[in-house]
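Have a look at the structure below before the remarks.
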Amino acid sequence: MRKNKTTIKSVYIDSFNYIKECKNFILIIIAIFLFSALIGLIVPLPEVLIQELIKTLKEILKQIEGKTTLGIIKFIFFNNLTASIFGLITGIFLGIIPILIAITNGYLLGFVSLISIQSEGIFSLWKILPHGIFELTAIFISLGLGLKLGTSPFQKNIKKELKKNIINSAKVFILIILPLLFIAAIIEGILIGLIN
């Protein structure tokens, strides 16, 4: 009897099937993110926190100052990679941290969008769309997988479920999330390079 061979195609199919299995968790993260972004557009931060946010953004900009386009791409990629891994892995703690990350990032995006609209008009938002499509998709999947991972302790066979979720999450991360983050970093890096 012929054994089924594991091919790249079959691993990709498994990865997309696992994303489908985690669809509801990913949708929960998207809903939390969008709701938080809406709050960010409506409810401004206190002045003290605005100054802290501006300070943090300036520090990030300092880190890419003087870098080549390739250097900027690498910086963005590894920054987003770290955030995605953190969001996924820490999901094991009952999915609390991925939810907090979605709330925080959603609110910040909403608030930054508000500032952008106030200073440059609504059409200024197009600047975040090109890389945002890929970057946010990758982040949503990561956090959704993290949330799914957090449900493992509630399953009948905890060890088996946890192992399955970790293996499938690793496949999705390597085959789908990494390429999305890479594309996002290239687009964003080139755009920043052109502005500089």
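By convention here, the chains of the structure tokens are called A, B, ... in the order presented, each chain's residues are numbered starting at 1, and ligands are numbered starting at 1 in the order presented.
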Margin query: Which of range 16-177 of chain A end up as alpha helix (DSSP H) when DSSP is run on this backbone - answer as a PyMOL selection string?
Written below: chain A and resi 16-21+23-42+47-64+69-89+96-120+129-149+158-172
Do a neighbour search on range 135-137 of chain A at 7 Å with only C-alpha atoms, toss out local chain neighbours closer than 2 positions, and write the hits as a compact mmCIF listing (two decimals) with C-alpha atoms, in the first residue's frame.
```txt
# COMPACT_ATOMS: atom_id res chain seq x y z
CA HIS A 131 1.35 47.69 3.52
CA GLY A 132 -1.57 47.63 5.97
CA ILE A 133 -3.44 45.04 3.91
CA ILE A 139 -1.24 40.22 12.60
CA PHE A 140 -4.91 39.18 12.63
CA ILE A 141 -4.00 35.58 11.74
CA LEU A 180 2.83 38.46 4.37
CA LEU A 181 5.10 40.29 6.83
CA ALA A 184 4.39 44.41 4.02
```
Next item on the list: Kindly indicate which residue among A:Ile99, A:Leu45, A:Ile72, A:Leu145 lies nearest to Glu21 in chain A, using only C-alpha atoms for the distances.
Entry: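 Smallest distance to Glu21 in chain A is found for A:Leu145.
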Could you produce a table of the residues of range 54-118 of chain A lying within 9 Å of range 32-36 of chain A, with the nearest pair of atoms per residue and their separation in Å rounded to one decimal, using only C-alpha atoms, ordered by chain and increasing residue number, as CSV?
```
residue,atom,partner,partner_atom,distance
A:Ile99,CA,A:Ile32,CA,7.5
A:Ile101,CA,A:Phe33,CA,8.7
A:Ala102,CA,A:Phe33,CA,4.9
A:Ile103,CA,A:Ser36,CA,5.4
A:Thr104,CA,A:Ser36,CA,7.5
A:Asn105,CA,A:Phe33,CA,7.1
A:Gly106,CA,A:Phe33,CA,4.4
A:Tyr107,CA,A:Ser36,CA,4.6
A:Leu108,CA,A:Ser36,CA,8.3
A:Leu109,CA,A:Ser36,CA,8.7
A:Gly110,CA,A:Ser36,CA,7.3
```
Selection from above, C-alpha atoms, as a PDB file, in the first residue's frame, can you write it?
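What ended up in out21.pdb:
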```
ATOM      1  CA  ILE A  99      -7.016  40.244  22.890  1.00  0.00           C
ATOM      2  CA  ILE A 101      -2.779  43.452  21.741  1.00  0.00           C
ATOM      3  CA  ALA A 102      -5.795  43.752  19.403  1.00  0.00           C
ATOM      4  CA  ILE A 103      -7.402  46.362  21.685  1.00  0.00           C
ATOM      5  CA  THR A 104      -4.202  48.412  22.067  1.00  0.00           C
ATOM      6  CA  ASN A 105      -3.165  48.337  18.400  1.00  0.00           C
ATOM      7  CA  GLY A 106      -6.710  48.978  17.215  1.00  0.00           C
ATOM      8  CA  TYR A 107      -7.080  52.003  19.470  1.00  0.00           C
ATOM      9  CA  LEU A 108      -3.661  53.375  18.470  1.00  0.00           C
ATOM     10  CA  LEU A 109      -4.427  52.955  14.763  1.00  0.00           C
ATOM     11  CA  GLY A 110      -7.736  54.773  15.248  1.00  0.00           C
TER      12      GLY A 110
END
```
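The shortest atom-to-atom distance to Gly66 in chain A, with only C-alpha atoms taken into account, belongs to A:Ile192 out of A:Ile192, A:Phe86, A:Leu178, A:Ile167.
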Margin query: Please compute the CA of Ser119 in chain A-CA of Leu38 in chain A distance, one decimal, in Å.
Written below: 18.3 Å
Margin query: Residues near Ala83 in chain A, anyone? I mean within 10 Å using only C-alpha atoms, not counting same-chain ones fewer than 5 positions away, as a list in words.
Written below: Phe77, Phe78, Leu88, Ile101, Ile139, Ser142 and Leu143 of chain A
Hey, can you spit out that residue selection with C-alpha atoms as a PDB file, in the first residue's frame?
```
ATOM      1  CA  PHE A  77      10.202  43.086   9.104  1.00  0.00           C
ATOM      2  CA  PHE A  78      11.911  42.032  12.345  1.00  0.00           C
ATOM      3  CA  LEU A  88       0.796  33.994  18.891  1.00  0.00           C
ATOM      4  CA  ILE A 101      -2.779  43.452  21.741  1.00  0.00           C
ATOM      5  CA  ILE A 139      -1.240  40.224  12.597  1.00  0.00           C
ATOM      6  CA  SER A 142      -1.236  35.501  14.402  1.00  0.00           C
ATOM      7  CA  LEU A 143      -3.507  36.839  17.128  1.00  0.00           C
TER       8      LEU A 143
END
```
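A straight line drawn from CA of Ile76 in chain A to CA of Ile64 in chain A is 9.1 Å long.
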